[in-house]
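protein-v7.cif follows; it contains mmCIF, C-alpha atoms (C1' of nucleotides).
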data_entry
#
loop_
_atom_site.label_atom_id
_atom_site.label_comp_id
_atom_site.auth_asym_id
_atom_site.auth_seq_id
_atom_site.Cartn_x
_atom_site.Cartn_y
_atom_site.Cartn_z
CA MET A 1 -2.34 -9.26 27.88
CA ALA A 2 -0.41 -12.10 26.42
CA LEU A 3 0.84 -10.93 23.05
CA PRO A 4 4.31 -9.84 24.24
CA HIS A 5 4.64 -13.11 26.10
CA ALA A 6 3.49 -15.13 23.13
CA ILE A 7 6.17 -13.35 21.15
CA LEU A 8 8.78 -14.17 23.81
CA VAL A 9 7.89 -17.86 23.59
CA SER A 10 8.06 -17.81 19.83
CA LEU A 11 11.41 -16.00 19.83
CA LEU A 12 12.89 -18.38 22.38
CA GLU A 13 12.04 -21.28 20.12
CA GLN A 14 13.63 -19.42 17.24
CA ALA A 15 14.82 -15.84 16.79
CA GLY A 16 13.20 -13.99 13.91
CA SER A 17 11.88 -10.78 12.38
CA GLY A 18 8.50 -9.20 12.88
CA TYR A 19 7.45 -10.46 9.51
CA GLU A 20 8.45 -14.02 10.36
CA LEU A 21 6.62 -13.80 13.68
CA ALA A 22 3.46 -12.71 11.92
CA ARG A 23 3.68 -15.76 9.64
CA ARG A 24 4.32 -18.10 12.57
CA PHE A 25 1.33 -16.70 14.43
CA ASP A 26 -0.82 -17.70 11.49
CA ARG A 27 0.02 -21.30 12.18
CA SER A 28 1.26 -22.31 15.62
CA ILE A 29 0.35 -19.92 18.42
CA GLY A 30 -2.36 -18.51 16.20
CA TYR A 31 -4.59 -21.44 17.19
CA PHE A 32 -5.29 -19.30 20.20
CA TRP A 33 -3.80 -15.93 19.55
CA ALA A 34 -4.08 -14.02 16.29
CA ALA A 35 -1.98 -10.97 15.51
CA THR A 36 -1.42 -8.83 12.45
CA HIS A 37 2.02 -7.66 11.42
CA GLN A 38 1.18 -4.08 12.36
CA GLN A 39 0.50 -5.08 15.89
CA ILE A 40 3.54 -7.28 16.14
CA TYR A 41 5.85 -4.48 14.93
CA LYS A 42 4.38 -2.12 17.49
CA THR A 43 4.63 -4.65 20.30
CA LEU A 44 8.23 -5.51 19.38
CA ARG A 45 9.20 -1.87 19.70
CA THR A 46 7.66 -1.69 23.17
CA MET A 47 9.39 -4.90 24.13
CA GLU A 48 12.69 -3.50 22.94
CA ASP A 49 12.14 -0.37 25.03
CA ASP A 50 11.44 -2.62 28.02
CA GLY A 51 14.64 -4.55 27.37
CA TRP A 52 12.91 -7.87 26.74
CA VAL A 53 14.32 -8.33 23.24
CA HIS A 54 17.37 -7.16 21.31
CA VAL A 55 17.71 -6.57 17.59
CA ASP A 56 20.26 -7.63 15.02
CA VAL A 57 19.85 -5.83 11.75
CA VAL A 58 20.56 -8.10 8.83
CA VAL A 59 21.36 -6.20 5.64
CA GLN A 60 19.86 -7.74 2.54
CA GLN A 61 20.13 -7.03 -1.15
CA GLY A 62 16.97 -6.08 -3.04
CA ARG A 63 14.89 -6.16 0.14
CA PRO A 64 14.47 -3.95 3.17
CA ASP A 65 16.88 -4.73 5.97
CA LYS A 66 15.65 -7.43 8.26
CA LYS A 67 15.47 -6.87 12.00
CA VAL A 68 16.06 -10.17 13.70
CA TYR A 69 14.83 -10.16 17.26
CA GLY A 70 16.13 -12.31 20.09
CA VAL A 71 15.15 -12.59 23.77
CA THR A 72 17.34 -10.91 26.40
CA ASP A 73 17.92 -12.17 29.94
CA GLY A 74 15.37 -9.58 31.04
CA GLY A 75 12.84 -11.01 28.62
CA ARG A 76 13.50 -14.51 29.88
CA ALA A 77 13.00 -13.36 33.47
CA GLU A 78 9.77 -11.57 32.55
CA LEU A 79 8.41 -14.69 30.87
CA ARG A 80 9.24 -16.80 33.96
CA ARG A 81 7.54 -14.25 36.18
CA TRP A 82 4.46 -14.08 33.97
CA ILE A 83 4.09 -17.86 33.68
CA ALA A 84 4.16 -18.31 37.46
CA GLN A 85 1.61 -15.54 38.04
CA PRO A 86 -2.14 -16.36 38.16
CA LEU A 87 -4.21 -15.82 35.03
CA THR A 88 -5.25 -12.19 34.65
CA GLY A 89 -7.53 -12.25 31.59
CA LYS A 90 -11.29 -11.91 31.79
CA GLY A 91 -13.10 -15.22 32.02
CA SER A 92 -16.74 -14.33 31.71
CA ALA A 93 -17.51 -15.52 28.21
CA VAL A 94 -17.19 -18.85 26.48
CA THR A 95 -14.43 -17.70 24.20
CA ASP A 96 -12.48 -16.31 27.03
CA ALA A 97 -9.17 -14.55 27.40
CA ARG A 98 -8.13 -16.82 30.27
CA THR A 99 -8.10 -19.95 28.12
CA ARG A 100 -6.04 -18.21 25.47
CA GLU A 101 -3.67 -16.89 28.09
CA LEU A 102 -3.24 -20.37 29.53
CA ALA A 103 -2.52 -21.79 26.09
CA VAL A 104 0.35 -19.34 25.66
CA LYS A 105 1.69 -20.26 29.07
CA ILE A 106 1.56 -23.96 28.30
CA ARG A 107 3.36 -23.31 25.07
CA GLY A 108 6.12 -21.66 27.07
CA ALA A 109 6.02 -24.06 30.03
CA THR A 110 9.62 -25.11 29.39
CA TYR A 111 10.76 -21.58 30.23
CA GLY A 112 8.82 -21.33 33.48
CA ASP A 113 7.64 -23.05 36.63
CA VAL A 114 5.54 -26.06 35.65
CA ASP A 115 4.18 -26.56 39.18
CA ALA A 116 2.83 -23.03 39.34
CA LEU A 117 1.35 -23.49 35.91
CA ARG A 118 -0.40 -26.68 36.92
CA ASP A 119 -2.08 -24.80 39.75
CA GLN A 120 -3.50 -22.39 37.19
CA VAL A 121 -4.81 -25.25 35.08
CA VAL A 122 -6.57 -26.69 38.11
CA ALA A 123 -8.05 -23.28 38.96
CA LEU A 124 -9.31 -22.66 35.44
CA ARG A 125 -10.73 -26.17 35.31
CA SER A 126 -12.83 -25.62 38.39
CA GLU A 127 -14.01 -22.25 37.11
CA ARG A 128 -15.06 -23.84 33.84
CA ALA A 129 -16.76 -26.74 35.61
CA ARG A 130 -18.76 -24.31 37.71
CA GLN A 131 -19.80 -22.40 34.61
CA LEU A 132 -20.85 -25.61 32.89
CA ASP A 133 -22.96 -26.53 35.94
CA THR A 134 -24.69 -23.17 35.75
CA TYR A 135 -25.46 -23.65 32.07
CA LEU A 136 -26.72 -27.19 32.61
CA GLY A 137 -28.97 -25.84 35.34
CA PHE A 138 -30.41 -23.26 32.94
CA GLU A 139 -30.97 -25.98 30.38
CA LYS A 140 -32.86 -28.21 32.77
CA ARG A 141 -35.04 -25.48 34.25
CA GLN A 142 -35.73 -23.31 31.24
CA PHE A 143 -35.81 -25.90 28.46
CA PRO A 144 -37.09 -29.20 29.90
CA ASP A 145 -38.47 -30.25 26.50
CA PRO A 146 -36.20 -28.96 23.71
CA SER A 147 -38.00 -30.85 20.95
CA ALA A 148 -41.10 -28.73 21.57
CA LEU A 149 -39.27 -25.43 21.07
CA ASP A 150 -39.59 -22.98 18.21
CA GLY A 151 -39.17 -19.26 17.61
CA PRO A 152 -37.30 -17.15 20.16
CA GLY A 153 -37.29 -19.98 22.71
CA LEU A 154 -35.53 -22.29 20.26
CA HIS A 155 -32.98 -19.61 19.41
CA GLN A 156 -32.20 -18.93 23.05
CA TYR A 157 -31.80 -22.64 23.61
CA LEU A 158 -29.40 -22.99 20.69
CA VAL A 159 -27.13 -20.29 22.03
CA LEU A 160 -27.15 -21.91 25.45
CA ARG A 161 -26.21 -25.21 23.78
CA GLY A 162 -23.24 -23.42 22.24
CA GLY A 163 -22.13 -22.39 25.69
CA ILE A 164 -22.53 -25.90 27.04
CA LEU A 165 -20.62 -27.56 24.21
CA ALA A 166 -17.81 -25.02 24.43
CA GLU A 167 -17.44 -25.54 28.17
CA GLU A 168 -17.41 -29.31 27.74
CA GLY A 169 -14.67 -29.01 25.14
CA SER A 170 -12.73 -26.71 27.41
CA LEU A 171 -12.95 -29.17 30.31
CA ARG A 172 -11.89 -32.07 28.13
CA TRP A 173 -8.83 -30.11 27.07
CA LEU A 174 -7.89 -29.05 30.60
CA ASP A 175 -8.12 -32.68 31.70
CA GLU A 176 -5.78 -33.74 28.91
CA VAL A 177 -3.38 -31.01 29.96
CA LEU A 178 -3.49 -32.07 33.61
CA THR A 179 -2.87 -35.69 32.72
CA ALA A 180 0.06 -34.75 30.49
CA LEU A 181 1.55 -32.32 32.97
CA GLY A 182 1.17 -35.05 35.57
CA GLY A 183 2.08 -34.54 39.21
CA THR A 184 -0.31 -34.41 42.12
CA ALA A 185 -3.50 -33.45 40.35
CA MET B 1 -18.66 -5.64 15.70
CA ALA B 2 -21.66 -7.14 17.31
CA LEU B 3 -22.19 -5.34 20.58
CA PRO B 4 -24.77 -2.84 19.29
CA HIS B 5 -26.62 -5.68 17.61
CA ALA B 6 -26.50 -7.82 20.71
CA ILE B 7 -28.03 -4.87 22.53
CA LEU B 8 -30.74 -4.53 19.88
CA VAL B 9 -31.68 -8.19 20.33
CA SER B 10 -31.78 -7.84 24.08
CA LEU B 11 -33.89 -4.67 23.92
CA LEU B 12 -36.34 -6.24 21.49
CA GLU B 13 -36.92 -9.05 23.94
CA GLN B 14 -37.42 -6.49 26.67
CA ALA B 15 -36.78 -2.75 26.88
CA GLY B 16 -34.44 -1.71 29.66
CA SER B 17 -31.77 0.60 31.04
CA GLY B 18 -28.02 0.39 30.50
CA TYR B 19 -27.67 -1.02 33.97
CA GLU B 20 -30.22 -3.74 33.29
CA LEU B 21 -28.56 -4.60 30.00
CA ALA B 22 -25.23 -5.01 31.75
CA ARG B 23 -26.81 -7.46 34.19
CA ARG B 24 -28.52 -9.40 31.39
CA PHE B 25 -25.25 -9.67 29.53
CA ASP B 26 -23.79 -11.38 32.54
CA ARG B 27 -26.20 -14.22 32.06
CA SER B 28 -27.79 -14.75 28.65
CA ILE B 29 -25.93 -13.20 25.73
CA GLY B 30 -22.84 -13.11 27.89
CA TYR B 31 -22.26 -16.80 27.13
CA PHE B 32 -20.65 -15.42 24.03
CA TRP B 33 -20.38 -11.70 24.45
CA ALA B 34 -19.19 -9.96 27.58
CA ALA B 35 -19.62 -6.25 28.16
CA THR B 36 -19.08 -3.91 31.08
CA HIS B 37 -21.58 -1.22 31.97
CA GLN B 38 -19.17 1.50 30.83
CA GLN B 39 -19.07 0.07 27.37
CA ILE B 40 -22.80 -0.45 27.23
CA TYR B 41 -23.49 3.17 28.23
CA LYS B 42 -21.09 4.39 25.57
CA THR B 43 -22.57 2.12 22.91
CA LEU B 44 -26.14 3.10 23.81
CA ARG B 45 -25.30 6.75 23.27
CA THR B 46 -23.89 5.99 19.82
CA MET B 47 -26.94 3.91 19.01
CA GLU B 48 -29.17 6.76 20.08
CA ASP B 49 -27.24 9.14 17.80
CA ASP B 50 -27.72 6.64 14.97
CA GLY B 51 -31.44 6.47 15.66
CA TRP B 52 -31.47 2.77 16.52
CA VAL B 53 -32.88 3.26 20.01
CA HIS B 54 -34.98 5.82 21.82
CA VAL B 55 -34.99 6.73 25.49
CA ASP B 56 -37.70 7.15 28.07
CA VAL B 57 -36.47 8.78 31.23
CA VAL B 58 -38.11 7.28 34.28
CA VAL B 59 -37.88 9.54 37.31
CA GLN B 60 -37.21 7.68 40.54
CA GLN B 61 -37.01 8.65 44.16
CA GLY B 62 -33.77 8.09 46.02
CA ARG B 63 -32.02 6.88 42.88
CA PRO B 64 -30.69 8.44 39.71
CA ASP B 65 -33.22 8.72 36.94
CA LYS B 66 -33.46 5.59 34.88
CA LYS B 67 -33.10 5.77 31.12
CA VAL B 68 -35.18 3.02 29.62
CA TYR B 69 -34.14 2.24 26.07
CA GLY B 70 -36.32 0.78 23.33
CA VAL B 71 -35.63 -0.15 19.73
CA THR B 72 -36.79 2.20 16.97
CA ASP B 73 -37.94 1.16 13.50
CA GLY B 74 -34.50 2.18 12.28
CA GLY B 75 -32.90 -0.13 14.82
CA ARG B 76 -35.14 -2.98 13.77
CA ALA B 77 -34.20 -2.42 10.13
CA GLU B 78 -30.52 -2.30 11.00
CA LEU B 79 -30.76 -5.58 12.88
CA ARG B 80 -32.51 -7.24 9.92
CA ARG B 81 -29.84 -5.93 7.57
CA TRP B 82 -27.03 -7.08 9.82
CA ILE B 83 -28.46 -10.56 10.35
CA ALA B 84 -28.79 -11.17 6.60
CA GLN B 85 -25.26 -9.94 5.88
CA PRO B 86 -22.33 -12.44 5.86
CA LEU B 87 -20.20 -12.72 9.01
CA THR B 88 -17.59 -9.98 9.18
CA GLY B 89 -15.55 -10.91 12.27
CA LYS B 90 -12.09 -12.37 12.15
CA GLY B 91 -12.02 -16.14 12.17
CA SER B 92 -8.37 -17.02 12.45
CA ALA B 93 -8.19 -18.21 16.02
CA VAL B 94 -9.98 -20.90 17.95
CA THR B 95 -11.88 -18.47 20.11
CA ASP B 96 -13.00 -16.52 17.13
CA ALA B 97 -15.11 -13.46 16.63
CA ARG B 98 -17.13 -15.16 13.90
CA THR B 99 -18.59 -17.78 16.22
CA ARG B 100 -19.56 -15.11 18.73
CA GLU B 101 -21.08 -13.01 15.98
CA LEU B 102 -23.11 -15.97 14.76
CA ALA B 103 -24.35 -16.68 18.26
CA VAL B 104 -25.74 -13.15 18.49
CA LYS B 105 -27.42 -13.55 15.12
CA ILE B 106 -29.01 -16.83 16.13
CA ARG B 107 -30.26 -15.22 19.30
CA GLY B 108 -31.94 -12.59 17.11
CA ALA B 109 -33.04 -14.93 14.32
CA THR B 110 -36.69 -14.15 14.97
CA TYR B 111 -36.05 -10.54 13.91
CA GLY B 112 -34.28 -11.43 10.66
CA ASP B 113 -34.07 -13.68 7.64
CA VAL B 114 -33.58 -17.26 8.85
CA ASP B 115 -32.68 -18.55 5.37
CA ALA B 116 -29.85 -16.06 5.02
CA LEU B 117 -28.71 -16.96 8.51
CA ARG B 118 -28.67 -20.67 7.72
CA ASP B 119 -26.33 -19.94 4.81
CA GLN B 120 -23.92 -18.33 7.24
CA VAL B 121 -24.07 -21.33 9.54
CA VAL B 122 -23.22 -23.60 6.61
CA ALA B 123 -20.35 -21.34 5.58
CA LEU B 124 -18.89 -21.17 9.08
CA ARG B 125 -19.26 -24.90 9.46
CA SER B 126 -17.19 -25.60 6.37
CA GLU B 127 -14.56 -23.10 7.46
CA ARG B 128 -14.33 -24.77 10.84
CA ALA B 129 -14.20 -28.23 9.27
CA ARG B 130 -11.34 -27.13 7.06
CA GLN B 131 -9.49 -25.75 10.05
CA LEU B 132 -10.00 -28.98 11.97
CA ASP B 133 -8.61 -30.95 9.02
CA THR B 134 -5.53 -28.77 9.03
CA TYR B 135 -5.00 -29.32 12.74
CA LEU B 136 -5.54 -33.07 12.44
CA GLY B 137 -2.95 -33.08 9.66
CA PHE B 138 -0.45 -31.32 11.92
CA GLU B 139 -1.18 -33.82 14.66
CA LYS B 140 -0.57 -36.81 12.44
CA ARG B 141 2.60 -35.49 10.82
CA GLN B 142 4.26 -33.71 13.71
CA PHE B 143 3.16 -35.87 16.61
CA PRO B 144 2.75 -39.47 15.42
CA ASP B 145 3.54 -40.84 18.87
CA PRO B 146 2.17 -38.47 21.55
CA SER B 147 2.94 -40.82 24.45
CA ALA B 148 6.66 -40.42 23.74
CA LEU B 149 6.58 -36.64 24.02
CA ASP B 150 8.02 -34.45 26.72
CA GLY B 151 9.39 -30.93 27.11
CA PRO B 152 8.67 -28.35 24.41
CA GLY B 153 7.31 -31.00 22.04
CA LEU B 154 4.72 -32.07 24.57
CA HIS B 155 3.72 -28.47 25.24
CA GLN B 156 3.28 -27.73 21.56
CA TYR B 157 1.21 -30.85 21.21
CA LEU B 158 -1.05 -29.87 24.12
CA VAL B 159 -1.81 -26.50 22.58
CA LEU B 160 -2.60 -28.17 19.27
CA ARG B 161 -4.94 -30.53 21.12
CA GLY B 162 -6.71 -27.49 22.51
CA GLY B 163 -7.27 -26.27 18.98
CA ILE B 164 -8.57 -29.64 17.85
CA LEU B 165 -10.99 -30.05 20.76
CA ALA B 166 -12.29 -26.50 20.33
CA GLU B 167 -12.92 -27.04 16.62
CA GLU B 168 -14.69 -30.32 17.30
CA GLY B 169 -16.95 -28.62 19.82
CA SER B 170 -17.63 -25.83 17.38
CA LEU B 171 -18.62 -28.31 14.65
CA ARG B 172 -20.87 -30.21 17.00
CA TRP B 173 -22.67 -27.01 17.87
CA LEU B 174 -23.05 -25.84 14.28
CA ASP B 175 -24.54 -29.23 13.41
CA GLU B 176 -27.06 -28.92 16.21
CA VAL B 177 -27.93 -25.46 14.96
CA LEU B 178 -28.39 -26.65 11.39
CA THR B 179 -30.61 -29.51 12.49
CA ALA B 180 -32.73 -27.19 14.60
CA LEU B 181 -32.96 -24.49 11.96
CA GLY B 182 -33.95 -27.24 9.54
CA GLY B 183 -34.55 -26.59 5.87
CA THR B 184 -32.43 -27.81 3.00
CA ALA B 185 -29.13 -28.38 4.76
"C1'" DT C 1 1.87 -9.10 -16.90
"C1'" DA C 2 -0.02 -9.99 -12.77
"C1'" DT C 3 0.08 -12.03 -8.35
"C1'" DA C 4 2.34 -13.59 -4.31
"C1'" DG C 5 5.99 -13.21 -1.17
"C1'" DC C 6 9.46 -10.54 1.41
"C1'" DA C 7 9.98 -6.64 4.66
"C1'" DT C 8 9.00 -2.56 7.01
"C1'" DG C 9 6.23 0.92 8.79
"C1'" DT C 10 2.56 5.23 9.84
"C1'" DA C 11 -2.04 7.02 10.89
"C1'" DA C 12 -6.67 6.86 11.91
"C1'" DT C 13 -10.15 4.57 13.95
"C1'" DA C 14 -12.57 1.20 16.75
"C1'" DT C 15 -13.10 -1.36 20.71
"C1'" DG C 16 -12.42 -2.62 25.36
"C1'" DT C 17 -10.58 -2.19 30.26
"C1'" DT C 18 -9.46 0.04 34.61
"C1'" DA C 19 -9.82 3.49 37.72
"C1'" DC C 20 -12.39 7.03 39.64
"C1'" DA C 21 -16.71 9.57 41.09
"C1'" DT C 22 -21.42 10.05 43.17
"C1'" DG C 23 -25.12 8.78 46.22
"C1'" DA C 24 -29.36 6.57 48.05
"C1'" DT C 25 -31.55 1.96 49.71
"C1'" DT C 26 -31.76 -2.60 51.52
"C1'" DG C 27 -30.45 -6.50 54.03
"C1'" DA C 28 -27.00 -9.14 56.99
"C1'" DT D 1 -21.97 -0.79 60.27
"C1'" DC D 2 -20.62 -3.01 56.24
"C1'" DA D 3 -21.47 -4.85 51.87
"C1'" DA D 4 -24.42 -5.30 48.04
"C1'" DT D 5 -27.71 -3.44 44.73
"C1'" DC D 6 -29.45 0.24 41.98
"C1'" DA D 7 -28.04 3.78 38.52
"C1'" DT D 8 -25.27 6.78 35.90
"C1'" DG D 9 -21.25 8.50 34.07
"C1'" DT D 10 -16.03 10.53 32.87
"C1'" DA D 11 -11.16 9.94 31.81
"C1'" DA D 12 -7.16 7.58 30.87
"C1'" DC D 13 -5.21 3.87 29.01
"C1'" DA D 14 -4.57 -0.50 26.47
"C1'" DT D 15 -5.36 -3.23 22.64
"C1'" DA D 16 -6.63 -4.25 17.91
"C1'" DT D 17 -8.20 -3.30 13.10
"C1'" DT D 18 -8.18 -1.02 8.63
"C1'" DA D 19 -6.31 1.67 5.32
"C1'" DC D 20 -2.43 3.49 3.27
"C1'" DA D 21 2.58 3.62 1.73
"C1'" DT D 22 6.93 1.76 -0.29
"C1'" DG D 23 9.56 -1.25 -3.32
"C1'" DC D 24 12.14 -5.31 -4.85
"C1'" DT D 25 12.05 -10.46 -6.45
"C1'" DA D 26 10.29 -14.71 -8.00
"C1'" DT D 27 6.91 -17.40 -10.15
"C1'" DA D 28 2.84 -18.52 -13.02
#

Could you show the structure in this file as structure tokens?
Amino acid sequence: MALPHAILVSLLEQAGSGYELARRFDRSIGYFWAATHQQIYKTLRTMEDDGWVHVDVVVQQGRPDKKVYGVTDGGRAELRRWIAQPLTGKGSAVTDARTRELAVKIRGATYGDVDALRDQVVALRSERARQLDTYLGFEKRQFPDPSALDGPGLHQYLVLRGGILAEEGSLRWLDEVLTALGGTA
Amino acid sequence: MALPHAILVSLLEQAGSGYELARRFDRSIGYFWAATHQQIYKTLRTMEDDGWVHVDVVVQQGRPDKKVYGVTDGGRAELRRWIAQPLTGKGSAVTDARTRELAVKIRGATYGDVDALRDQVVALRSERARQLDTYLGFEKRQFPDPSALDGPGLHQYLVLRGGILAEEGSLRWLDEVLTALGGTA
DNA sequence: TATAGCATGTAATATGTTACATGATTGA
DNA sequence: TCAATCATGTAACATATTACATGCTATA
């Protein structure tokens, strides 16, 4: 899971309350990782129990007190550890957990080991390339003449096309990331 | 949720056991929807309780009995209803539930109302286009000179690029689908 | 006056993953 | 003999969604 780590990254950029985190997730990290306020509150409590974050209660007039969270040394260490570790999410489907996990790690690259991260990008890229090859093979063998399709065959083909286009987009992104992260690709 | 409906589509194409469904999911529908055998068994039982599927127990030698599932009239009706109904999944993130849901519906288009489905494709397309516009706006305003970036700025930019490329891929696919599904786009 | 924003949370439910359990057959 | 395939399932846990609850302030 990457939600606690996404929260760590967000809090390192800027300390804030659960409410503020929920709003930020709607924009920045939310490209890849959505979270409701309920879930963020719950996760923050767990993270506090684990010693990854600390709270400062800010008393306000006319509003409930605000709990401003910040990252502890333990939280920083956990984020470093997690960023260096291989991707753990499931990678079967097109809209996969691995890609989202990697996006969070890239977002937090400054707080971790960029070399280790690059290795993970390379690994995910080759996984994705293999998947794309498989899909392209299906396309060639099962749908040699797409223009002739209709009914169930057409619908199966369209879904396969979705897979192919998604994988191509994924590869394009991973290549951009590798170029930008530089080093011995 | 779309898993029961993905199962209905798969069973309409060909009746089968939970085990067989799990294997099929690894290939075809699994482009967009992954499922373990544990989850499939659980879901099949619920579907049986709801009267969407019926079971034929096939006795085998040397192996556990095989439960071959087929779709009932009730299941067929439910699939029709579900396909015609607007997308219900969450669509905030790049790797969104809506796209996966739509993929399942397209796969089952033969068993439902294609006109109603096309409306959903159009709706999702405009949502995605709006999202892409937002991301492109961020890119222009926050990162006018990407080549100058490094550190946290670069990492934020890379994640945004991931969002942009994913949305572009999504749009390309939805356009292909609309063309193929034809009609008054 | 009504809606949106600020700010927190509980509870119930749904969905999904991981680990464990069983046991025969087939092919390397 | 070892691993893979066939075939089903339970139990515990992790994660996520929906509905409900409170209550003030600022803006249209």

What lies within 7 Å of Ala84 (chain B) using all atoms listed in the file, ignoring chain neighbours under 5 positions off, as a tab-separated table (two decimals) with C-alpha atoms, in the frame of the given file?
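Everything below was put into around31.tsv:
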chain	number	residue	atom	x	y	z
B	112	GLY	CA	-34.28	-11.43	10.66
B	113	ASP	CA	-34.07	-13.68	7.64
B	116	ALA	CA	-29.85	-16.06	5.02
B	117	LEU	CA	-28.71	-16.96	8.51

I want to know what sits within 9 Å of Met1 (chain A), based on all atoms listed in the file, with residues of the same chain fewer than 5 positions away left out; could you give that as number ranges by chain? A: 88-89, 97, 101; D: 15

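The interface of chain C with chain A at 9 Å, considering all atoms listed in the file, consists of DC6, DA7, DT8 and DG9 of chain C.
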
Report as JSON, numbers by chain the set of chain A residues whose atoms approach chain B to within 9 Å, with distances computed over all atoms listed in the file. {"A": [13, 26, 28, 29, 30, 31, 32, 33, 34, 92, 93, 94, 95, 96, 97, 99, 100, 103, 104, 106, 107, 108, 109, 110, 150, 151, 152, 154, 155, 156, 157, 158, 159, 160, 161, 162, 163, 165, 166, 167, 168, 169, 170, 172, 173, 174, 176, 177, 180, 181]}

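In chain D, the set of residues within 10 Å of chain A (atoms considered: only C-alpha atoms (C1' of nucleotides)) is DA14, DT15, DA16, DT17, DG23, DC24 and DT25 of chain D.
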
Can those selected residues be exported to a file as a PDB file, in the frame of the given file so that it contains C-alpha atoms (C1' of nucleotides)?
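Generated output (again_39.pdb):
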ATOM      1  C1'  DA D  14      -4.570  -0.500  26.470  1.00  0.00           C
ATOM      2  C1'  DT D  15      -5.360  -3.230  22.640  1.00  0.00           C
ATOM      3  C1'  DA D  16      -6.630  -4.250  17.910  1.00  0.00           C
ATOM      4  C1'  DT D  17      -8.200  -3.300  13.100  1.00  0.00           C
ATOM      5  C1'  DG D  23       9.560  -1.250  -3.320  1.00  0.00           C
ATOM      6  C1'  DC D  24      12.140  -5.310  -4.850  1.00  0.00           C
ATOM      7  C1'  DT D  25      12.050 -10.460  -6.450  1.00  0.00           C
TER       8       DT D  25
END

Return as an MDAnalysis selection string the set of residues that the PyMOL selection byres ((chain B and resi 121) around 9) yields on the displayed structure. chainID B and resid 102 117:120 122:126 174:175 177:178

Is there a way to get, as a PyMOL selection string, all residues within 10 Å of the point (2.1, 1.7, 3.0) in file coordinates, counting all atoms listed in the file? (chain C and resi 8-10) or (chain D and resi 19-22)

Kindly give the distance, in Å, that separates CA of Val114 (chain B) and CA of Trp82 (chain B), rounded to a single decimal. 12.1 Å
